[in-house]
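Listing of upload.cif; format and content: mmCIF, C-alpha atoms.
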data_model
#
loop_
_atom_site.label_atom_id
_atom_site.label_comp_id
_atom_site.auth_asym_id
_atom_site.auth_seq_id
_atom_site.Cartn_x
_atom_site.Cartn_y
_atom_site.Cartn_z
CA MET A 1480 195.63 124.81 107.80
CA GLN A 1481 195.16 125.21 111.54
CA ASN A 1482 191.75 125.26 113.24
CA THR A 1483 191.58 126.44 116.86
CA GLN A 1484 188.20 128.16 116.74
CA PRO A 1485 185.71 127.27 119.50
CA ILE A 1486 182.85 124.89 118.77
CA ASN A 1487 179.40 126.40 118.25
CA GLU A 1488 177.51 124.17 120.67
CA VAL A 1489 174.06 125.49 119.70
CA LEU A 1490 174.60 124.74 116.01
CA ALA A 1491 176.12 121.38 116.92
CA SER A 1492 172.99 120.44 118.88
CA TYR A 1493 170.81 121.44 115.92
CA SER A 1494 172.98 119.24 113.70
CA GLU A 1495 172.38 116.22 115.93
CA LEU A 1496 168.65 116.95 116.10
CA PHE A 1497 168.23 117.25 112.34
CA MET A 1498 170.38 114.17 111.80
CA LEU A 1499 167.94 112.22 113.97
CA ILE A 1500 164.91 113.64 112.16
CA ALA A 1501 166.49 112.81 108.79
CA ALA A 1502 167.05 109.22 109.95
CA LEU A 1503 163.39 108.96 110.94
CA VAL A 1504 162.30 110.29 107.54
CA TYR A 1505 164.58 107.78 105.80
CA THR A 1506 162.97 105.04 107.90
CA VAL A 1507 159.51 106.04 106.69
CA THR A 1508 160.88 106.28 103.14
CA PHE A 1509 162.19 102.73 103.33
CA PHE A 1510 158.83 101.38 104.47
CA VAL A 1511 156.92 103.33 101.82
CA PHE A 1512 159.23 102.00 99.08
CA SER A 1513 158.67 98.49 100.50
CA TRP A 1514 154.92 99.08 100.49
CA ASP A 1515 155.16 100.14 96.83
CA MET A 1516 156.95 96.87 96.06
CA ALA A 1517 154.18 94.88 97.76
CA ARG A 1518 151.40 96.79 96.01
CA SER A 1519 153.15 96.54 92.65
CA SER A 1520 153.63 92.80 93.11
CA ALA A 1521 149.91 92.35 93.78
CA SER A 1522 148.96 94.44 90.73
CA ILE A 1523 151.38 92.55 88.48
CA ARG A 1524 150.06 89.21 89.68
CA ARG A 1525 146.55 90.31 88.74
CA MET A 1526 147.82 91.25 85.27
CA GLU A 1527 149.56 87.90 84.97
CA ALA A 1528 146.37 86.08 86.01
CA GLU A 1529 144.39 87.99 83.37
CA LEU A 1530 146.94 87.11 80.71
CA GLU A 1531 146.88 83.46 81.76
CA SER A 1532 143.08 83.37 81.58
CA GLU A 1533 143.13 85.00 78.16
CA HIS A 1534 145.76 82.53 76.95
CA ALA A 1535 143.76 79.55 78.26
CA ALA A 1536 140.62 80.83 76.54
CA GLN A 1537 142.45 81.21 73.23
CA VAL A 1538 143.87 77.69 73.48
CA GLU A 1539 140.40 76.33 74.22
CA GLN A 1540 138.92 78.17 71.24
CA ALA A 1541 141.70 76.91 68.98
CA SER A 1542 141.12 73.32 70.13
CA ALA A 1543 137.38 73.69 69.56
CA ARG A 1544 137.95 74.93 66.01
CA VAL A 1545 140.27 72.01 65.27
CA SER A 1546 137.75 69.54 66.70
CA GLU A 1547 135.06 70.93 64.45
CA LYS A 1548 137.32 70.49 61.44
CA SER A 1549 138.12 66.92 62.49
CA LEU A 1550 134.54 65.73 62.07
CA VAL A 1551 134.03 64.48 58.47
CA THR A 1552 131.15 62.68 56.86
CA ALA A 1553 131.81 59.16 55.51
CA GLY A 1554 129.50 56.94 53.36
CA GLY A 1555 125.84 57.34 54.26
CA GLY A 1556 126.35 60.33 56.48
CA THR A 1557 128.03 58.73 59.50
CA GLU A 1558 130.40 61.16 61.31
CA ILE A 1559 133.90 59.85 61.95
CA ASP A 1560 136.35 61.56 64.41
CA VAL A 1561 139.67 61.82 62.60
CA ALA A 1562 142.39 62.02 65.30
CA THR A 1563 145.50 61.73 63.17
CA GLY A 1564 147.20 63.24 60.15
CA GLN A 1565 146.53 66.83 59.24
CA THR A 1566 144.18 67.37 62.17
CA ASN A 1567 146.98 66.91 64.72
CA ALA A 1568 149.20 69.23 62.70
CA ASP A 1569 146.45 71.86 62.72
CA ALA A 1570 146.10 71.54 66.49
CA GLN A 1571 149.84 71.94 66.98
CA VAL A 1572 149.94 75.02 64.74
CA GLN A 1573 147.05 76.59 66.62
CA ASN A 1574 148.68 75.94 69.98
CA GLU A 1575 151.99 77.37 68.79
CA ARG A 1576 150.23 80.48 67.57
CA ALA A 1577 148.49 80.87 70.91
CA ALA A 1578 151.81 80.41 72.74
CA ARG A 1579 153.50 83.03 70.57
CA ALA A 1580 150.62 85.41 71.16
CA ALA A 1581 150.93 84.87 74.91
CA ALA A 1582 154.69 85.50 74.74
CA ARG A 1583 154.07 88.73 72.84
CA ARG A 1584 151.62 89.85 75.51
CA GLU A 1585 154.20 89.03 78.19
CA GLN A 1586 156.75 91.19 76.38
CA GLU A 1587 154.19 93.97 75.96
CA LEU A 1588 153.49 93.80 79.70
CA ASP A 1589 157.20 94.03 80.51
CA SER A 1590 157.72 96.93 78.11
CA THR A 1591 154.74 98.70 79.68
CA LEU A 1592 156.13 98.30 83.19
CA VAL A 1593 159.80 99.14 82.59
CA ASP A 1594 162.12 100.49 79.91
CA GLU A 1595 165.49 98.89 79.12
CA ASP A 1596 167.19 102.30 79.21
CA MET A 1597 165.46 103.08 82.51
CA GLU A 1598 163.42 105.86 80.94
CA TYR A 1599 160.10 106.88 82.44
CA THR A 1600 157.36 105.04 80.53
CA GLY A 1601 154.51 107.14 81.91
CA THR A 1602 152.05 104.24 81.62
CA VAL A 1603 152.25 102.78 85.12
CA LYS A 1604 150.94 104.79 88.07
CA ARG A 1605 152.94 104.22 91.25
CA PRO A 1606 151.69 106.77 93.78
CA ALA A 1607 153.39 105.03 96.71
CA ALA A 1608 156.77 105.18 94.96
CA ASN A 1609 156.23 108.87 94.20
CA VAL A 1610 155.42 109.53 97.86
CA ALA A 1611 158.60 107.67 98.84
CA VAL A 1612 160.66 109.81 96.47
CA ALA A 1613 159.13 112.97 97.94
CA LEU A 1614 159.95 111.74 101.44
CA MET A 1615 163.50 110.97 100.40
CA ILE A 1616 163.89 114.52 99.08
CA ILE A 1617 162.69 115.87 102.43
CA GLY A 1618 165.04 113.54 104.31
CA MET A 1619 167.92 114.56 102.07
CA LEU A 1620 167.31 118.27 102.73
CA LEU A 1621 167.16 117.70 106.49
CA HIS A 1622 170.26 115.53 106.23
CA ALA A 1623 172.12 118.17 104.22
CA PHE A 1624 171.31 120.82 106.82
CA ALA A 1625 172.59 118.54 109.59
CA VAL A 1626 175.87 117.89 107.78
CA LEU A 1627 176.40 121.55 106.89
CA ALA A 1628 175.52 122.67 110.41
CA ARG A 1629 178.10 120.27 111.85
CA GLY A 1630 180.75 121.65 109.52
CA ILE A 1631 179.91 125.27 110.35
CA ALA A 1632 179.79 124.50 114.08
CA SER A 1633 183.33 123.08 113.97
CA SER A 1634 184.66 125.52 111.31
CA ARG A 1635 185.94 122.66 109.14
CA VAL A 1636 184.73 120.11 106.62
CA PRO A 1637 182.23 117.64 108.16
CA TRP A 1638 184.00 114.38 107.29
CA ALA A 1639 186.99 114.19 109.63
CA ASN A 1640 186.00 111.04 111.58
CA LEU A 1641 184.10 107.84 110.91
CA TYR A 1642 180.76 109.20 112.17
CA GLU A 1643 181.02 112.18 109.85
CA PHE A 1644 182.31 110.06 106.98
CA MET A 1645 179.33 107.71 107.21
CA THR A 1646 176.72 110.44 107.58
CA THR A 1647 178.23 112.45 104.73
CA GLY A 1648 178.54 109.28 102.64
CA ALA A 1649 174.88 108.49 103.26
CA LEU A 1650 174.01 112.01 102.13
CA VAL A 1651 176.03 111.55 98.93
CA ILE A 1652 174.22 108.27 98.20
CA ALA A 1653 170.84 109.97 98.64
CA VAL A 1654 171.86 112.94 96.47
CA VAL A 1655 173.30 110.74 93.70
CA TYR A 1656 170.16 108.61 93.67
CA LEU A 1657 167.84 111.62 93.51
CA VAL A 1658 169.92 113.23 90.75
CA PHE A 1659 169.69 110.05 88.67
CA LEU A 1660 165.92 110.03 89.24
CA ILE A 1661 165.64 113.29 87.29
CA ARG A 1662 166.40 111.48 84.03
CA LYS A 1663 166.19 107.77 84.83
CA ASP A 1664 163.41 105.77 86.47
CA LEU A 1665 165.35 104.20 89.33
CA ARG A 1666 162.37 103.86 91.65
CA PHE A 1667 162.78 100.10 91.41
CA VAL A 1668 166.00 100.34 93.45
CA GLY A 1669 164.58 102.80 95.97
CA THR A 1670 164.06 100.19 98.68
CA PHE A 1671 167.69 99.10 98.47
CA VAL A 1672 169.13 102.63 98.31
CA SER A 1673 167.02 103.95 101.17
CA GLY A 1674 167.93 100.81 103.13
CA VAL A 1675 171.66 101.40 102.63
CA VAL A 1676 171.29 105.06 103.63
CA LEU A 1677 169.31 104.11 106.71
CA LEU A 1678 171.84 101.45 107.76
CA MET A 1679 174.70 103.95 107.41
CA MET A 1680 172.82 106.49 109.52
CA ILE A 1681 172.07 103.89 112.21
CA ALA A 1682 175.66 102.61 112.20
CA ALA A 1683 177.04 106.14 112.51
CA THR A 1684 174.65 107.14 115.29
CA ILE A 1685 174.79 103.94 117.35
CA GLY A 1686 178.16 102.48 116.47
CA PHE A 1687 180.38 105.54 116.06
CA PRO A 1688 178.85 108.51 117.92
CA THR A 1689 181.38 111.34 117.98
CA PRO A 1690 180.80 114.80 119.49
CA VAL A 1691 181.58 117.83 117.37
CA GLY A 1692 185.17 118.91 117.95
CA ASN A 1693 188.44 119.95 116.41
CA VAL A 1694 190.62 117.38 114.65
CA GLN A 1695 194.19 116.30 115.28
CA PRO A 1696 196.98 118.29 113.58
CA ALA A 1697 197.65 115.63 110.94
CA LEU A 1698 194.15 116.18 109.56
CA GLN A 1699 194.33 119.96 109.58
CA SER A 1700 195.26 120.16 105.93
CA TRP A 1701 193.59 121.19 102.71
CA TRP A 1702 194.03 117.61 101.54
CA ILE A 1703 191.12 116.61 103.77
CA VAL A 1704 188.86 118.63 101.48
CA THR A 1705 189.90 116.88 98.26
CA HIS A 1706 191.11 113.45 99.38
CA VAL A 1707 188.21 112.60 101.70
CA SER A 1708 185.47 114.32 99.68
CA VAL A 1709 186.35 112.33 96.55
CA ALA A 1710 186.51 109.15 98.66
CA VAL A 1711 183.03 109.89 100.01
CA ALA A 1712 181.67 110.48 96.50
CA ALA A 1713 183.27 107.28 95.18
CA THR A 1714 181.84 105.32 98.10
CA GLY A 1715 178.39 106.67 97.33
CA LEU A 1716 178.61 105.54 93.71
CA PHE A 1717 179.99 102.13 94.68
CA SER A 1718 177.04 101.72 97.05
CA LEU A 1719 174.58 102.45 94.24
CA THR A 1720 176.19 99.89 91.92
CA PHE A 1721 176.18 97.34 94.76
CA ALA A 1722 172.40 97.69 95.00
CA MET A 1723 172.10 97.36 91.22
CA SER A 1724 174.29 94.23 91.13
CA LEU A 1725 172.23 92.66 93.91
CA LEU A 1726 169.06 93.31 91.93
CA GLN A 1727 170.80 91.98 88.82
CA LEU A 1728 171.25 88.58 90.46
CA PHE A 1729 167.56 88.43 91.42
CA LYS A 1730 166.54 89.57 87.94
CA GLN A 1731 168.69 86.90 86.28
CA ARG A 1732 166.94 84.19 88.28
CA GLN A 1733 163.56 85.66 87.36
CA GLU A 1734 164.50 85.75 83.65
CA ALA A 1735 165.69 82.12 83.76
CA ALA A 1736 162.47 81.06 85.48
CA GLN A 1737 160.41 82.97 82.93
CA LYS A 1738 162.15 81.20 80.03
CA ALA A 1739 161.49 77.85 81.69
CA GLY A 1740 157.84 78.72 82.16
CA VAL A 1741 158.13 78.74 85.95
CA PRO A 1742 156.20 81.50 87.77
CA THR A 1743 158.44 83.88 89.67
CA LYS A 1744 158.09 84.32 93.42
CA PHE A 1745 158.80 88.06 93.27
CA ALA A 1746 156.41 89.77 90.89
CA PHE A 1747 157.91 93.20 91.60
CA LEU A 1748 160.96 92.13 89.55
CA ARG A 1749 158.90 92.93 86.46
CA LEU A 1750 159.43 96.56 87.46
CA VAL A 1751 163.20 96.02 87.28
CA PRO A 1752 164.98 96.52 83.93
CA PRO A 1753 166.60 93.48 82.26
CA SER A 1754 169.68 92.10 83.98
CA PHE A 1755 171.96 93.14 81.11
CA ALA A 1756 170.74 96.76 81.44
CA LEU A 1757 171.51 96.74 85.18
CA GLU A 1758 174.93 95.28 84.48
CA ASN A 1759 175.74 97.87 81.80
CA TRP A 1760 174.78 100.75 84.08
CA SER A 1761 176.76 99.28 86.97
CA TYR A 1762 179.79 99.02 84.71
CA ARG A 1763 179.48 102.62 83.53
CA ILE A 1764 179.07 104.02 87.03
CA ASN A 1765 181.91 101.87 88.37
CA ALA A 1766 184.19 103.17 85.63
CA VAL A 1767 183.64 106.70 86.97
CA SER A 1768 183.92 105.56 90.59
CA PHE A 1769 187.18 103.77 89.86
CA VAL A 1770 188.77 106.96 88.52
CA MET A 1771 187.66 108.77 91.67
CA TRP A 1772 189.05 106.00 93.88
CA THR A 1773 192.35 106.12 91.97
CA PHE A 1774 192.57 109.82 92.77
CA THR A 1775 191.75 109.01 96.40
CA VAL A 1776 194.69 106.59 96.69
CA ILE A 1777 197.13 108.97 94.94
CA ALA A 1778 196.00 112.01 96.95
CA GLY A 1779 196.26 109.98 100.14
CA ALA A 1780 199.86 109.06 99.31
CA ILE A 1781 200.78 112.70 98.71
CA TRP A 1782 199.10 113.73 101.96
CA ALA A 1783 200.90 110.93 103.83
CA GLU A 1784 204.25 112.23 102.60
CA GLN A 1785 203.41 115.69 103.89
CA ALA A 1786 202.08 114.43 107.25
CA TRP A 1787 204.42 111.49 108.00
CA GLY A 1788 207.34 111.93 105.59
CA ARG A 1789 206.59 108.83 103.47
CA TYR A 1790 204.29 108.22 100.53
CA TRP A 1791 203.55 104.63 101.56
CA ASN A 1792 203.75 103.22 105.08
CA TRP A 1793 202.07 99.83 104.61
CA ASP A 1794 199.44 101.07 107.01
CA ALA A 1795 196.33 98.85 107.30
CA LYS A 1796 194.08 101.54 105.84
CA GLU A 1797 196.48 102.15 102.96
CA VAL A 1798 196.74 98.44 102.20
CA TRP A 1799 192.99 97.90 102.15
CA SER A 1800 192.44 101.01 100.04
CA PHE A 1801 194.82 99.47 97.53
CA VAL A 1802 193.01 96.11 97.79
CA ILE A 1803 189.76 97.89 96.92
CA TRP A 1804 191.47 99.50 93.94
CA VAL A 1805 192.79 96.11 92.74
CA VAL A 1806 189.36 94.43 93.05
CA TYR A 1807 187.56 97.11 91.06
CA ALA A 1808 190.41 97.26 88.52
CA GLY A 1809 190.03 93.50 88.12
CA TYR A 1810 186.28 93.90 87.72
CA LEU A 1811 186.63 96.51 84.96
CA HIS A 1812 189.39 94.56 83.20
CA ALA A 1813 187.62 91.20 83.42
CA ARG A 1814 184.38 92.58 82.05
CA ALA A 1815 185.97 94.65 79.29
CA THR A 1816 188.52 92.14 77.99
CA ARG A 1817 187.73 88.70 79.43
CA GLY A 1818 184.03 88.55 78.85
CA TRP A 1819 183.13 88.40 82.54
CA THR A 1820 179.47 89.29 82.33
CA GLY A 1821 176.33 88.27 84.13
CA THR A 1822 176.64 86.55 87.50
CA ARG A 1823 180.44 86.67 87.70
CA ALA A 1824 180.59 90.42 87.08
CA ALA A 1825 177.84 91.07 89.65
CA TRP A 1826 179.56 88.99 92.34
CA LEU A 1827 182.94 90.61 91.69
CA ASN A 1828 181.36 94.05 92.03
CA MET A 1829 179.77 92.99 95.31
CA VAL A 1830 183.11 91.63 96.56
CA GLY A 1831 184.62 95.05 95.90
CA PHE A 1832 181.88 96.71 97.93
CA GLY A 1833 182.43 94.17 100.70
CA CYS A 1834 186.10 95.17 100.82
CA LEU A 1835 185.00 98.81 101.01
CA VAL A 1836 182.73 98.13 103.98
CA PHE A 1837 185.47 96.07 105.67
CA ASN A 1838 187.92 98.94 105.22
CA TYR A 1839 185.66 101.52 106.85
CA THR A 1840 184.45 99.35 109.72
CA ILE A 1841 186.68 96.45 110.76
CA VAL A 1842 189.96 98.12 109.80
CA ASN A 1843 189.04 101.34 111.57
CA ILE A 1844 187.96 99.53 114.74
CA TYR A 1845 190.32 96.61 115.17
CA PHE A 1846 193.46 97.26 113.12
CA PRO A 1847 196.27 99.45 114.54
CA SER A 1848 196.68 102.24 112.05
CA LEU A 1849 198.08 105.70 111.49
CA HIS A 1850 194.54 106.47 110.28
CA SER A 1851 193.03 105.85 113.72
CA TYR A 1852 191.09 109.08 113.83
CA ALA A 1853 187.56 107.68 113.87
CA GLY A 1854 186.77 109.14 117.24
CA LEU A 1855 186.13 105.73 118.80
#
Structure encoded using structure tokens:
Amino acid sequence: MQNTQPINEVLASYSELFMLIAALVYTVTFFVFSWDMARSSASIRRMEAELESEHAAQVEQASARVSEKSLVTAGGGTEIDVATGQTNADAQVQNERAARAAARREQELDSTLVDEDMEYTGTVKRPAANVAVALMIIGMLLHAFAVLARGIASSRVPWANLYEFMTTGALVIAVVYLVFLIRKDLRFVGTFVSGVVLLMMIAATIGFPTPVGNVQPALQSWWIVTHVSVAVAATGLFSLTFAMSLLQLFKQRQEAAQKAGVPTKFAFLRLVPPSFALENWSYRINAVSFVMWTFTVIAGAIWAEQAWGRYWNWDAKEVWSFVIWVVYAGYLHARATRGWTGTRAAWLNMVGFGCLVFNYTIVNIYFPSLHSYAGL
């Protein structure tokens, strides 16, 4: 597949303009999602204060009832305060009942705010989050036009260098997130997802700016369509599970504090599903991503044989792609057969994403490689 067509400079300039506008919209989206977190935290703290006041009032009423029962008449009508025996048992029973009632109200509050299966509950109004989602849709459409315009301007797929890979990868993350939002209430992770998208856009624009142009002969192959596109999609899914694992760690600390009766510092975590639900969804998505990454490694080996005459050259990019595969394979195996759940599974997933980031940044910049086509 040879590409010698001239570059459409007008369309290329429009691509850069819309990429900048999309980045600005993502910036606003990030701040609106953050504002929603702040507002939600304040609202939840008010609910918690109301529950605490109600619980304290019930305990006080229970104690008053027990005190009334503890006054008995002895002899000629003298009242004696009985402070032992059955009276203490009654007080303890009343307090336990009040505590159980408070715990039930806590659970009812959590079930009102979030669903374990991440379904939309329809009981909590979050206008700021809805505005952020609308902004993200607008940013995604602008972003998609910029990516498509760059591809049309160069008459090739728009992911042939690191700038294009990162901008296309950011688009995939935004699209995947918005598609999941159709059926699942993932607004709780919106701040993290929009933050990752924004960071990728900034890194591509500032760190790896590359003018629109033709690619070197080794990349002028149909394999760039399948090999790189699947790698971009897998990277987008891995990024989403990274955000979910990060939230899982925060949620686990909040759950432990709640069991110990310690107030949490981050009230917005009540909007986050239970840690085990986050972990289960991360595992499911990573299972799909791992299959896609396996195809990426195999397709890359076939393409390498066609381009350089060898399936495996121990190139830095090849080695780190295999390292990523091993880490995620270990994650899936450890969780499925070794009982690695909770904190260990979350950290291992985040290590895998760290290897992914290292592969697409440090390896591309500082390691000598046959894959040095980032346009740096």
> Can you tell me, as number ranges by chain, what residues are no more than 12 Å from stretch 1808-1817 of chain A when counting only C-alpha atoms, ignoring any on the same chain fewer than 2 positions away?
Replying inline: A: 1758-1759, 1761-1770, 1772-1773, 1801-1806, 1819-1832
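Between atom CA of A:Asp1515 and atom CA of A:Leu1660 the interatomic distance comes to 16.5 Å.
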For A:Arg1635, list every protein, DNA or RNA residue within 12 Å, evaluated using all atoms listed in the file, and leave out those in the same chain fewer than 5 positions away; present the list as a PDB file with C-alpha atoms, in the coordinates of the input.
ATOM      1  CA  MET A1480     195.630 124.810 107.800  1.00  0.00           C
ATOM      2  CA  GLN A1481     195.160 125.210 111.540  1.00  0.00           C
ATOM      3  CA  ASN A1482     191.750 125.260 113.240  1.00  0.00           C
ATOM      4  CA  THR A1483     191.580 126.440 116.860  1.00  0.00           C
ATOM      5  CA  GLN A1484     188.200 128.160 116.740  1.00  0.00           C
ATOM      6  CA  PRO A1485     185.710 127.270 119.500  1.00  0.00           C
ATOM      7  CA  ILE A1486     182.850 124.890 118.770  1.00  0.00           C
ATOM      8  CA  ASN A1487     179.400 126.400 118.250  1.00  0.00           C
ATOM      9  CA  VAL A1626     175.870 117.890 107.780  1.00  0.00           C
ATOM     10  CA  LEU A1627     176.400 121.550 106.890  1.00  0.00           C
ATOM     11  CA  ALA A1628     175.520 122.670 110.410  1.00  0.00           C
ATOM     12  CA  ARG A1629     178.100 120.270 111.850  1.00  0.00           C
ATOM     13  CA  GLY A1630     180.750 121.650 109.520  1.00  0.00           C
ATOM     14  CA  ASN A1640     186.000 111.040 111.580  1.00  0.00           C
ATOM     15  CA  GLU A1643     181.020 112.180 109.850  1.00  0.00           C
ATOM     16  CA  VAL A1691     181.580 117.830 117.370  1.00  0.00           C
ATOM     17  CA  GLY A1692     185.170 118.910 117.950  1.00  0.00           C
ATOM     18  CA  ASN A1693     188.440 119.950 116.410  1.00  0.00           C
ATOM     19  CA  VAL A1694     190.620 117.380 114.650  1.00  0.00           C
ATOM     20  CA  LEU A1698     194.150 116.180 109.560  1.00  0.00           C
ATOM     21  CA  GLN A1699     194.330 119.960 109.580  1.00  0.00           C
ATOM     22  CA  SER A1700     195.260 120.160 105.930  1.00  0.00           C
ATOM     23  CA  TRP A1701     193.590 121.190 102.710  1.00  0.00           C
ATOM     24  CA  ILE A1703     191.120 116.610 103.770  1.00  0.00           C
ATOM     25  CA  VAL A1704     188.860 118.630 101.480  1.00  0.00           C
TER      26      VAL A1704
END
>> I'd like to see the residues matched by the PyMOL selection byres ((chain A and resi 1672) around 10) on this file, and ideally I'd get them as a PyMOL selection string.
In response: chain A and resi 1509+1512+1649+1652-1653+1656+1665-1671+1673-1678+1718-1723
>> Report, in Å to a single decimal, how far apart atom CA of A:Ser1633 and atom CA of A:Gln1695 are.
In response: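 Taking atom CA of A:Gln1695 as the start and atom CA of A:Ser1633 as the end point, the length is 12.9 Å.
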